[in-house]
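Have a look at model32.txt below; it lists compact mmCIF, C-alpha atoms (C1' of nucleotides).
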```
# COMPACT_ATOMS: atom_id res chain seq x y z
CA MET A 697 6.37 -7.31 -26.19
CA ALA A 698 2.98 -8.81 -26.99
CA LYS A 699 0.83 -7.47 -29.78
CA HIS A 700 -2.24 -5.56 -28.75
CA ASN A 701 -5.64 -5.35 -30.32
CA PHE A 702 -7.55 -2.16 -30.75
CA SER A 703 -9.54 -1.18 -27.69
CA SER A 704 -11.69 1.91 -27.36
CA LYS A 705 -11.44 1.78 -23.58
CA ARG A 706 -7.67 1.66 -23.71
CA ASN A 707 -7.70 4.71 -25.96
CA ALA A 708 -10.05 6.57 -23.64
CA ILE A 709 -7.84 5.80 -20.64
CA TYR A 710 -4.70 6.98 -22.41
CA ASP A 711 -6.41 10.14 -23.66
CA MET A 712 -7.66 10.94 -20.17
CA VAL A 713 -4.18 10.52 -18.68
CA CYS A 714 -2.64 12.73 -21.36
CA SER A 715 -5.27 15.46 -21.37
CA THR A 716 -5.00 16.32 -17.68
CA ASP A 717 -2.24 18.00 -15.72
CA THR A 718 -3.45 16.59 -12.41
CA HIS A 719 -0.97 13.68 -12.45
CA PRO A 720 -3.87 11.35 -11.73
CA SER A 721 -4.22 8.12 -9.84
CA ALA A 722 -5.85 5.09 -11.42
CA ARG A 723 -9.01 5.72 -9.43
CA TRP A 724 -9.19 9.34 -10.60
CA VAL A 725 -9.04 8.22 -14.24
CA TYR A 726 -11.69 5.60 -13.53
CA GLU A 727 -14.07 8.08 -11.90
CA LYS A 728 -13.60 10.64 -14.68
CA LEU A 729 -14.40 8.11 -17.41
CA LYS A 730 -17.13 6.17 -15.64
CA PRO A 731 -20.00 8.59 -16.47
CA ASP A 732 -19.24 8.35 -20.19
CA ILE A 733 -18.34 4.66 -20.16
CA PRO A 734 -20.74 3.10 -17.63
CA ASP A 735 -19.48 -0.45 -18.06
CA LEU A 736 -15.86 0.51 -17.41
CA SER A 737 -14.17 -1.47 -14.67
CA LEU A 738 -11.45 -0.25 -12.31
CA GLY A 739 -9.40 -3.33 -13.11
CA THR A 740 -9.31 -2.31 -16.75
CA VAL A 741 -7.89 1.07 -15.81
CA TYR A 742 -5.17 -0.52 -13.69
CA ARG A 743 -4.44 -3.11 -16.39
CA ASN A 744 -4.02 -0.51 -19.11
CA ILE A 745 -2.00 1.86 -16.97
CA ALA A 746 0.39 -1.02 -16.29
CA LEU A 747 0.55 -1.55 -20.04
CA PHE A 748 1.38 2.10 -20.76
CA LYS A 749 4.10 1.98 -18.12
CA ASN A 750 5.70 -1.06 -19.73
CA GLU A 751 5.53 0.61 -23.13
CA GLY A 752 7.09 3.78 -21.73
CA LYS A 753 4.10 5.84 -22.84
CA ILE A 754 3.50 7.19 -19.35
CA ARG A 755 5.63 7.49 -16.23
CA VAL A 756 5.17 7.19 -12.51
CA VAL A 757 5.68 10.49 -10.70
CA CYS A 758 5.32 9.65 -7.03
CA ASN A 759 3.12 8.10 -4.39
CA VAL A 760 0.74 10.37 -2.50
CA ASN A 761 -1.18 8.97 0.45
CA GLY A 762 -0.58 5.44 -0.76
CA GLU A 763 -1.79 6.18 -4.29
CA GLU A 764 0.52 6.04 -7.27
CA ARG A 765 0.36 9.17 -9.41
CA ILE A 766 1.17 9.04 -13.11
CA ASP A 767 2.00 11.46 -15.92
CA GLY A 768 1.22 11.20 -19.61
CA ASP A 769 3.85 13.83 -20.34
CA ILE A 770 7.15 11.96 -20.54
CA THR A 771 9.27 14.92 -21.58
CA PRO A 772 11.93 15.84 -18.98
CA HIS A 773 10.48 18.01 -16.23
CA SER A 774 10.23 18.12 -12.45
CA HIS A 775 7.31 17.99 -10.04
CA PHE A 776 6.11 19.73 -6.94
CA ILE A 777 3.98 17.76 -4.48
CA CYS A 778 1.93 19.70 -1.93
CA ASN A 779 2.25 18.29 1.58
CA LYS A 780 -1.19 19.64 2.46
CA CYS A 781 -3.57 18.94 -0.42
CA GLY A 782 -1.54 16.26 -2.19
CA ASN A 783 -1.80 17.94 -5.58
CA VAL A 784 1.09 17.38 -7.98
CA TYR A 785 2.29 20.23 -10.19
CA ASP A 786 4.63 20.44 -13.15
CA ILE A 787 7.82 22.39 -12.64
CA CYS A 788 9.75 23.54 -15.67
CA ASP A 789 13.20 22.89 -14.38
CA LYS A 790 16.39 23.45 -16.32
CA GLN A 791 18.20 20.98 -14.06
CA ILE A 792 16.59 18.07 -15.87
CA THR A 793 17.67 17.31 -19.38
CA SER A 794 17.47 14.14 -21.39
CA ASP A 795 21.23 13.84 -20.94
CA PHE A 796 21.38 12.68 -17.36
CA SER A 797 23.15 9.46 -18.26
CA SER A 798 26.56 11.09 -17.99
CA GLU A 799 25.96 12.33 -14.46
CA LEU A 800 26.87 9.06 -12.80
CA SER A 801 29.30 7.93 -15.48
CA GLY A 802 32.23 5.97 -14.15
CA THR A 803 30.34 4.93 -11.06
CA GLY A 804 29.00 1.65 -12.43
CA TYR A 805 25.41 2.82 -12.16
CA ILE A 806 23.51 2.76 -15.45
CA VAL A 807 20.97 5.56 -15.26
CA GLU A 808 17.75 5.01 -17.19
CA SER A 809 15.71 7.87 -15.75
CA LYS A 810 16.05 10.76 -13.34
CA PHE A 811 13.42 12.49 -11.25
CA ILE A 812 13.46 15.65 -9.22
CA LEU A 813 10.70 16.03 -6.66
CA TYR A 814 10.00 19.13 -4.62
CA TYR A 815 7.78 18.80 -1.56
CA GLY A 816 6.18 21.72 0.23
CA ILE A 817 3.11 23.93 0.22
CA CYS A 818 1.47 24.91 -3.04
CA PRO A 819 0.27 28.47 -3.76
CA GLU A 820 -3.40 27.61 -3.17
CA CYS A 821 -2.76 26.04 0.22
CA SER A 822 -0.47 28.79 1.45
CA GLU A 823 -3.15 31.36 0.59
CA LYS A 824 -5.78 29.47 2.52
CA LYS A 825 -3.55 29.54 5.61
CA ILE A 826 -5.48 26.75 7.26
CA HIS A 827 -3.64 25.68 10.40
CA MET B 1030 3.52 17.26 19.58
CA ALA B 1031 2.75 14.69 22.28
CA LYS B 1032 5.26 13.74 24.89
CA HIS B 1033 6.81 10.32 24.56
CA ASN B 1034 7.89 7.88 27.19
CA PHE B 1035 11.08 5.88 27.01
CA SER B 1036 10.76 2.71 25.00
CA SER B 1037 13.54 0.22 24.38
CA LYS B 1038 11.77 -1.10 21.30
CA ARG B 1039 11.49 2.38 19.82
CA ASN B 1040 15.21 2.87 20.40
CA ALA B 1041 16.03 -0.45 18.78
CA ILE B 1042 13.92 0.40 15.73
CA TYR B 1043 15.53 3.81 15.33
CA ASP B 1044 19.03 2.37 15.76
CA MET B 1045 18.34 -0.29 13.16
CA VAL B 1046 17.10 2.27 10.64
CA CYS B 1047 20.15 4.47 11.22
CA SER B 1048 22.77 1.75 11.24
CA THR B 1049 21.96 0.34 7.81
CA ASP B 1050 22.47 1.79 4.35
CA THR B 1051 19.85 -0.49 2.80
CA HIS B 1052 17.09 2.14 2.96
CA PRO B 1053 14.86 -0.44 4.59
CA SER B 1054 11.16 -1.14 4.55
CA ALA B 1055 9.20 -1.54 7.78
CA ARG B 1056 9.14 -5.30 7.28
CA TRP B 1057 12.91 -5.44 6.80
CA VAL B 1058 13.44 -3.65 10.12
CA TYR B 1059 10.96 -5.99 11.79
CA GLU B 1060 12.65 -9.13 10.48
CA LYS B 1061 16.10 -7.89 11.45
CA LEU B 1062 15.04 -7.14 15.02
CA LYS B 1063 12.70 -10.09 15.58
CA PRO B 1064 15.43 -12.66 16.49
CA ASP B 1065 16.76 -10.41 19.26
CA ILE B 1066 13.34 -9.11 20.34
CA PRO B 1067 11.02 -12.12 20.00
CA ASP B 1068 7.93 -10.32 21.26
CA LEU B 1069 8.28 -7.46 18.79
CA SER B 1070 5.22 -6.81 16.68
CA LEU B 1071 5.15 -5.51 13.12
CA GLY B 1072 2.58 -2.92 14.13
CA THR B 1073 5.06 -1.46 16.59
CA VAL B 1074 7.60 -1.02 13.83
CA TYR B 1075 5.06 0.76 11.63
CA ARG B 1076 3.84 2.88 14.54
CA ASN B 1077 7.31 4.06 15.48
CA ILE B 1078 8.42 4.67 11.91
CA ALA B 1079 5.37 6.92 11.50
CA LEU B 1080 6.48 8.70 14.67
CA PHE B 1081 10.03 9.24 13.38
CA LYS B 1082 8.61 10.62 10.14
CA ASN B 1083 6.46 13.15 11.99
CA GLU B 1084 9.43 14.17 14.10
CA GLY B 1085 11.60 14.57 11.01
CA LYS B 1086 14.13 12.07 12.34
CA ILE B 1087 13.91 9.90 9.23
CA ARG B 1088 12.72 10.48 5.68
CA VAL B 1089 10.88 8.56 3.02
CA VAL B 1090 13.04 7.82 -0.01
CA CYS B 1091 10.74 6.10 -2.46
CA ASN B 1092 8.35 3.25 -2.99
CA VAL B 1093 9.76 0.01 -4.42
CA ASN B 1094 7.34 -2.76 -5.39
CA GLY B 1095 4.64 -1.26 -3.20
CA GLU B 1096 6.89 -0.99 -0.16
CA GLU B 1097 7.89 2.36 1.31
CA ARG B 1098 11.64 2.69 1.81
CA ILE B 1099 13.05 4.97 4.48
CA ASP B 1100 16.39 6.55 5.38
CA GLY B 1101 17.79 7.43 8.80
CA ASP B 1102 20.30 9.75 7.15
CA ILE B 1103 18.49 13.04 6.66
CA THR B 1104 21.47 15.00 5.36
CA PRO B 1105 21.03 16.18 1.74
CA HIS B 1106 21.90 13.44 -0.73
CA SER B 1107 20.39 11.64 -3.71
CA HIS B 1108 19.43 8.04 -4.32
CA PHE B 1109 19.75 5.42 -7.02
CA ILE B 1110 17.06 2.75 -7.27
CA CYS B 1111 17.84 -0.40 -9.22
CA ASN B 1112 15.05 -1.38 -11.59
CA LYS B 1113 16.10 -5.03 -11.38
CA CYS B 1114 16.87 -5.88 -7.75
CA GLY B 1115 15.07 -2.96 -6.12
CA ASN B 1116 18.05 -2.03 -3.97
CA VAL B 1117 18.38 1.65 -3.06
CA TYR B 1118 21.82 3.27 -2.98
CA ASP B 1119 23.14 6.57 -1.69
CA ILE B 1120 24.48 8.98 -4.28
CA CYS B 1121 26.70 11.81 -3.16
CA ASP B 1122 25.34 14.47 -5.45
CA LYS B 1123 26.52 18.05 -5.52
CA GLN B 1124 23.21 19.10 -7.09
CA ILE B 1125 21.49 18.78 -3.73
CA THR B 1126 22.26 21.31 -1.05
CA SER B 1127 20.28 22.41 1.95
CA ASP B 1128 19.62 25.65 0.09
CA PHE B 1129 17.01 24.46 -2.38
CA SER B 1130 14.41 26.88 -1.05
CA SER B 1131 15.53 29.60 -3.41
CA GLU B 1132 15.15 27.44 -6.50
CA LEU B 1133 11.44 28.03 -6.87
CA SER B 1134 11.41 31.48 -5.29
CA GLY B 1135 8.90 33.84 -6.79
CA THR B 1136 6.73 31.01 -8.03
CA GLY B 1137 4.46 30.81 -5.00
CA TYR B 1138 5.62 27.30 -4.16
CA ILE B 1139 7.09 26.96 -0.68
CA VAL B 1140 9.70 24.22 -0.90
CA GLU B 1141 10.24 22.17 2.25
CA SER B 1142 12.32 19.37 0.79
CA LYS B 1143 13.86 18.28 -2.48
CA PHE B 1144 14.68 14.81 -3.73
CA ILE B 1145 16.61 13.53 -6.70
CA LEU B 1146 16.01 9.93 -7.70
CA TYR B 1147 17.98 8.04 -10.32
CA TYR B 1148 16.49 4.84 -11.68
CA GLY B 1149 18.47 2.27 -13.63
CA ILE B 1150 20.67 -0.79 -13.22
CA CYS B 1151 23.05 -1.06 -10.29
CA PRO B 1152 26.65 -2.31 -10.65
CA GLU B 1153 25.85 -5.74 -9.19
CA CYS B 1154 22.93 -6.37 -11.54
CA SER B 1155 24.75 -5.17 -14.64
CA GLU B 1156 27.61 -7.56 -13.86
CA LYS B 1157 25.24 -10.49 -13.52
CA LYS B 1158 23.84 -9.77 -16.98
CA ILE B 1159 20.72 -11.79 -16.32
CA HIS B 1160 18.26 -11.28 -19.16
C1' DT C 909 -17.28 -16.86 -41.07
C1' DT C 910 -14.59 -18.50 -38.16
C1' DA C 911 -11.19 -19.56 -34.91
C1' DA C 912 -7.31 -17.84 -32.37
C1' DA C 913 -5.72 -14.14 -29.70
C1' DG C 914 -6.61 -10.18 -27.06
C1' DT C 915 -9.71 -7.54 -23.88
C1' DT C 916 -13.02 -6.97 -20.44
C1' DG C 917 -16.26 -6.85 -16.03
C1' DA C 918 -16.97 -8.79 -11.97
C1' DT C 919 -15.09 -10.63 -8.31
C1' DA C 920 -11.72 -12.71 -5.33
C1' DA C 921 -7.10 -12.56 -3.59
C1' DT C 922 -2.96 -10.27 -2.12
C1' DG C 923 -0.18 -7.48 0.58
C1' DA C 924 1.18 -3.15 2.80
C1' DT C 925 -0.41 -0.27 6.17
C1' DT C 926 -3.55 1.31 9.88
C1' DA C 927 -6.95 0.84 13.63
C1' DC C 928 -8.54 -1.36 17.74
C1' DT C 929 -8.37 -3.36 22.35
C1' DG C 930 -7.00 -5.32 26.42
C1' DT C 931 -2.50 -5.78 28.69
C1' DT C 932 2.03 -4.19 30.04
C1' DT C 933 5.51 -0.61 30.78
C1' DT C 934 6.94 3.97 31.94
C1' DT C 935 6.61 8.07 34.50
C1' DA C 936 5.39 11.19 38.15
C1' DT C 937 3.89 11.51 42.67
C1' DT C 938 3.43 9.90 47.35
C1' DA D 488 8.77 1.09 47.32
C1' DA D 489 3.48 1.73 46.19
C1' DT D 490 0.36 3.62 42.92
C1' DA D 491 -2.28 5.88 39.47
C1' DA D 492 -2.28 8.20 34.98
C1' DA D 493 -0.24 8.21 30.55
C1' DA D 494 2.10 5.95 26.98
C1' DA D 495 3.48 1.83 24.49
C1' DC D 496 2.71 -2.67 23.26
C1' DA D 497 1.20 -7.46 21.03
C1' DG D 498 -2.04 -9.53 18.63
C1' DT D 499 -5.50 -9.25 15.68
C1' DA D 500 -8.93 -7.30 12.64
C1' DA D 501 -9.90 -3.87 9.27
C1' DT D 502 -8.75 -0.94 5.37
C1' DC D 503 -7.42 0.09 0.97
C1' DA D 504 -4.58 0.08 -3.31
C1' DT D 505 -3.34 -3.09 -6.51
C1' DT D 506 -3.18 -7.64 -8.87
C1' DA D 507 -4.96 -12.14 -10.34
C1' DT D 508 -8.62 -15.07 -12.07
C1' DC D 509 -11.93 -16.51 -15.33
C1' DA D 510 -15.86 -16.82 -18.17
C1' DA D 511 -17.90 -13.79 -21.62
C1' DC D 512 -17.12 -10.56 -25.25
C1' DT D 513 -14.16 -8.20 -29.23
C1' DT D 514 -10.83 -7.81 -32.44
C1' DT D 515 -8.01 -9.64 -35.87
C1' DA D 516 -6.28 -12.30 -39.68
C1' DA D 517 -7.25 -15.79 -42.79
```

Take the structure in the file and write it out as structure tokens.
Amino acid sequence: MAKHNFSSKRNAIYDMVCSTDTHPSARWVYEKLKPDIPDLSLGTVYRNIALFKNEGKIRVVCNVNGEERIDGDITPHSHFICNKCGNVYDICDKQITSDFSSELSGTGYIVESKFILYYGICPECSEKKIH
Amino acid sequence: MAKHNFSSKRNAIYDMVCSTDTHPSARWVYEKLKPDIPDLSLGTVYRNIALFKNEGKIRVVCNVNGEERIDGDITPHSHFICNKCGNVYDICDKQITSDFSSELSGTGYIVESKFILYYGICPECSEKKIH
DNA sequence: TTAAAGTTGATAATGATTACTGTTTTTATT
DNA sequence: AATAAAAACAGTAATCATTATCAACTTTAA
């Protein structure tokens, strides 16, 4: 892996990803940072997110309406995606442990990561009862 | 839901999706059918796949290299996605049952579907040992 | 300080998916 | 069968997320 220089924008992008529980898209991160960093470019956000992925510092959760959603929390946990509003929520799920590698042992598949996704209607949307 | 007329192309698309275990992309289905149906258009494949999704006749499995992969088998089962070749495999997994609705009961989340995805290296790719 | 290496903004390019439009096919009704 | 309304289609253009390019700017190590 290549060596990286210090970059204040890279730090700001990583901090933004880690300090939210919205499981943001690249564009969301860009729009949140833009007011404070007016010369930030969307390409820089994409470039650095790709970097974090390669380094294993963040993970991809899912794709909602064509947008990739990421998570700065790489500890084992599941996610709930609302079919109405598209919000992504953390689910503390005992089914996921770091020891998933044994689950497919003997099958020839080498498991590197495991994801559990629930899809449905989130509490907010079911209260609204918009049909 | 709107009423649909008979369409031989729609039938061919659905049959192709159901008769393969490759978890195909829209383009894959198009390229498989094109030799036999020379006047088939890619837009028609996308349009009908969207229809099948709305009807619940197929499901979306994941997104590999920017391409959505679908499955004509909607019975509960998990999937393994190879990080090298991008192939998607069926996993018969006892963790998934049709009764996942109770798992998040009392949390306010209404679960409509549940997916387990394993990512790693498939048997073929680990044999090849290409670095 | 300086030069090599890394980073960036702006912009163009790519590629999957969707929208549009005039034509063709299907269906329901004579 | 003839026909008119509805649905489906091919072909193409448009959209939109993401990636690539490149000249200018920063960081680093000496």

Could the residues of chain A within 8 Å of chain C, counting all atoms listed in the file, be given as a CSV table (one decimal) with C-alpha atoms, in the frame of the given file, please?
```
chain,number,residue,atom,x,y,z
A,700,HIS,CA,-2.2,-5.6,-28.8
A,701,ASN,CA,-5.6,-5.4,-30.3
A,703,SER,CA,-9.5,-1.2,-27.7
A,735,ASP,CA,-19.5,-0.4,-18.1
A,736,LEU,CA,-15.9,0.5,-17.4
A,737,SER,CA,-14.2,-1.5,-14.7
A,740,THR,CA,-9.3,-2.3,-16.8
```

**Study point:** Contact residues around stretch 768-772 of chain A with all atoms listed in the file at 9 Å, ignoring same-chain residues under 4 positions, as a list in words
**Key:**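 So the residues in contact are Tyr710, Asp711, Met712, Val713, Cys714, Ser715, Thr716, Asp717, His719, Gly752, Lys753, Ile754, Arg755, Cys788, Asp789, Ile792, Thr793, Ser794, Lys810 and Phe811 of chain A.
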
Check your understanding: Which residue gives the smallest distance to chain D among A:His773, A:Lys730, A:Arg743, A:Lys749, with all atoms listed in the file counted?
Key ->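 So, comparing all the options, the nearest one is A:Arg743.
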
Check your understanding: What does the distance from atom CA of B:Arg1056 to atom CA of A:Ile766 come to in Å, to one decimal?
Key ->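 Separation between atom CA of B:Arg1056 and atom CA of A:Ile766: 26.2 Å.
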
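The point (0.3, 12.7, -7.1) has these residues within 10 Å of it when all atoms listed in the file are used: Thr718, His719, Pro720, Ser721, Val756, Val757, Cys758, Asn759, Val760, Asn761, Gly762, Glu763, Glu764, Arg765, Ile766, Asp767, His775, Phe776, Ile777, Cys778, Cys781, Gly782, Asn783, Val784 and Tyr785 of chain A.
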
Point to revise | Nearest to A:Lys699, chosen from A:Leu729, A:Val741, A:Glu751, A:Thr803, with only C-alpha atoms counted in the distances | key: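 Checking each of A:Leu729, A:Val741, A:Glu751, A:Thr803 against A:Lys699, counting only C-alpha atoms, the winner is A:Glu751.
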
Practice item. Could you give me, as a VMD selection string, the residues within 7 Å of B:Ile1139, counting all atoms listed in the file and dropping anything in the same chain fewer than 2 positions from it? Key: (chain A and resid 816 to 818) or (chain B and resid 1137 1141)

Regenerate stretch 1132-1158 of chain B at the level of N, CA and C atoms and dump it as an mmCIF file, keeping the file's coordinate frame.
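Wrote rebuild28.cif, looks like this:
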```
data_model
loop_
_atom_site.group_PDB
_atom_site.id
_atom_site.type_symbol
_atom_site.label_atom_id
_atom_site.label_comp_id
_atom_site.auth_asym_id
_atom_site.auth_seq_id
_atom_site.Cartn_x
_atom_site.Cartn_y
_atom_site.Cartn_z
ATOM 1 N N GLU B 1132 15.281 27.899 -5.110
ATOM 2 C CA GLU B 1132 15.150 27.440 -6.500
ATOM 3 C C GLU B 1132 13.806 27.798 -7.120
ATOM 4 N N LEU B 1133 12.755 27.708 -6.326
ATOM 5 C CA LEU B 1133 11.440 28.030 -6.870
ATOM 6 C C LEU B 1133 10.919 29.356 -6.317
ATOM 7 N N SER B 1134 11.853 30.211 -5.882
ATOM 8 C CA SER B 1134 11.410 31.480 -5.290
ATOM 9 C C SER B 1134 10.702 32.327 -6.323
ATOM 10 N N GLY B 1135 9.675 33.012 -5.879
ATOM 11 C CA GLY B 1135 8.900 33.840 -6.790
ATOM 12 C C GLY B 1135 7.816 33.095 -7.525
ATOM 13 N N THR B 1136 7.743 31.795 -7.320
ATOM 14 C CA THR B 1136 6.730 31.010 -8.030
ATOM 15 C C THR B 1136 5.497 30.767 -7.176
ATOM 16 N N GLY B 1137 5.597 31.061 -5.879
ATOM 17 C CA GLY B 1137 4.460 30.810 -5.000
ATOM 18 C C GLY B 1137 4.530 29.455 -4.328
ATOM 19 N N TYR B 1138 5.439 28.618 -4.786
ATOM 20 C CA TYR B 1138 5.620 27.300 -4.160
ATOM 21 C C TYR B 1138 6.606 27.425 -3.006
ATOM 22 N N ILE B 1139 6.199 26.947 -1.824
ATOM 23 C CA ILE B 1139 7.090 26.960 -0.680
ATOM 24 C C ILE B 1139 7.733 25.590 -0.553
ATOM 25 N N VAL B 1140 9.019 25.509 -0.871
ATOM 26 C CA VAL B 1140 9.700 24.220 -0.900
ATOM 27 C C VAL B 1140 10.183 23.838 0.481
ATOM 28 N N GLU B 1141 9.792 22.668 0.939
ATOM 29 C CA GLU B 1141 10.240 22.170 2.250
ATOM 30 C C GLU B 1141 11.319 21.101 2.108
ATOM 31 N N SER B 1142 11.280 20.370 1.023
ATOM 32 C CA SER B 1142 12.320 19.370 0.790
ATOM 33 C C SER B 1142 12.444 19.078 -0.693
ATOM 34 N N LYS B 1143 13.590 18.562 -1.071
ATOM 35 C CA LYS B 1143 13.860 18.280 -2.480
ATOM 36 C C LYS B 1143 14.529 16.927 -2.591
ATOM 37 N N PHE B 1144 14.127 16.143 -3.559
ATOM 38 C CA PHE B 1144 14.680 14.810 -3.730
ATOM 39 C C PHE B 1144 15.057 14.560 -5.179
ATOM 40 N N ILE B 1145 16.214 13.967 -5.360
ATOM 41 C CA ILE B 1145 16.610 13.530 -6.700
ATOM 42 C C ILE B 1145 16.709 12.008 -6.690
ATOM 43 N N LEU B 1146 15.993 11.386 -7.593
ATOM 44 C CA LEU B 1146 16.010 9.930 -7.700
ATOM 45 C C LEU B 1146 16.531 9.528 -9.076
ATOM 46 N N TYR B 1147 17.522 8.649 -9.076
ATOM 47 C CA TYR B 1147 17.980 8.040 -10.320
ATOM 48 C C TYR B 1147 17.457 6.611 -10.364
ATOM 49 N N TYR B 1148 16.917 6.223 -11.488
ATOM 50 C CA TYR B 1148 16.490 4.840 -11.680
ATOM 51 C C TYR B 1148 17.341 4.213 -12.774
ATOM 52 N N GLY B 1149 17.685 2.941 -12.602
ATOM 53 C CA GLY B 1149 18.470 2.270 -13.630
ATOM 54 C C GLY B 1149 18.937 0.908 -13.153
ATOM 55 N N ILE B 1150 20.125 0.511 -13.606
ATOM 56 C CA ILE B 1150 20.670 -0.790 -13.220
ATOM 57 C C ILE B 1150 21.908 -0.578 -12.362
ATOM 58 N N CYS B 1151 21.934 -1.232 -11.214
ATOM 59 C CA CYS B 1151 23.050 -1.060 -10.290
ATOM 60 C C CYS B 1151 24.248 -1.899 -10.737
ATOM 61 N N PRO B 1152 25.437 -1.590 -10.237
ATOM 62 C CA PRO B 1152 26.650 -2.310 -10.650
ATOM 63 C C PRO B 1152 26.521 -3.829 -10.519
ATOM 64 N N GLU B 1153 25.996 -4.293 -9.386
ATOM 65 C CA GLU B 1153 25.850 -5.740 -9.190
ATOM 66 C C GLU B 1153 25.008 -6.379 -10.271
ATOM 67 N N CYS B 1154 23.851 -5.771 -10.569
ATOM 68 C CA CYS B 1154 22.930 -6.370 -11.540
ATOM 69 C C CYS B 1154 23.475 -6.300 -12.964
ATOM 70 N N SER B 1155 24.245 -5.250 -13.272
ATOM 71 C CA SER B 1155 24.750 -5.170 -14.640
ATOM 72 C C SER B 1155 25.904 -6.151 -14.847
ATOM 73 N N GLU B 1156 26.580 -6.521 -13.755
ATOM 74 C CA GLU B 1156 27.610 -7.560 -13.860
ATOM 75 C C GLU B 1156 26.998 -8.927 -14.123
ATOM 76 N N LYS B 1157 25.912 -9.195 -13.392
ATOM 77 C CA LYS B 1157 25.240 -10.490 -13.520
ATOM 78 C C LYS B 1157 24.742 -10.747 -14.943
ATOM 79 N N LYS B 1158 24.332 -9.668 -15.599
ATOM 80 C CA LYS B 1158 23.840 -9.770 -16.980
ATOM 81 C C LYS B 1158 22.759 -10.823 -17.145
#
```
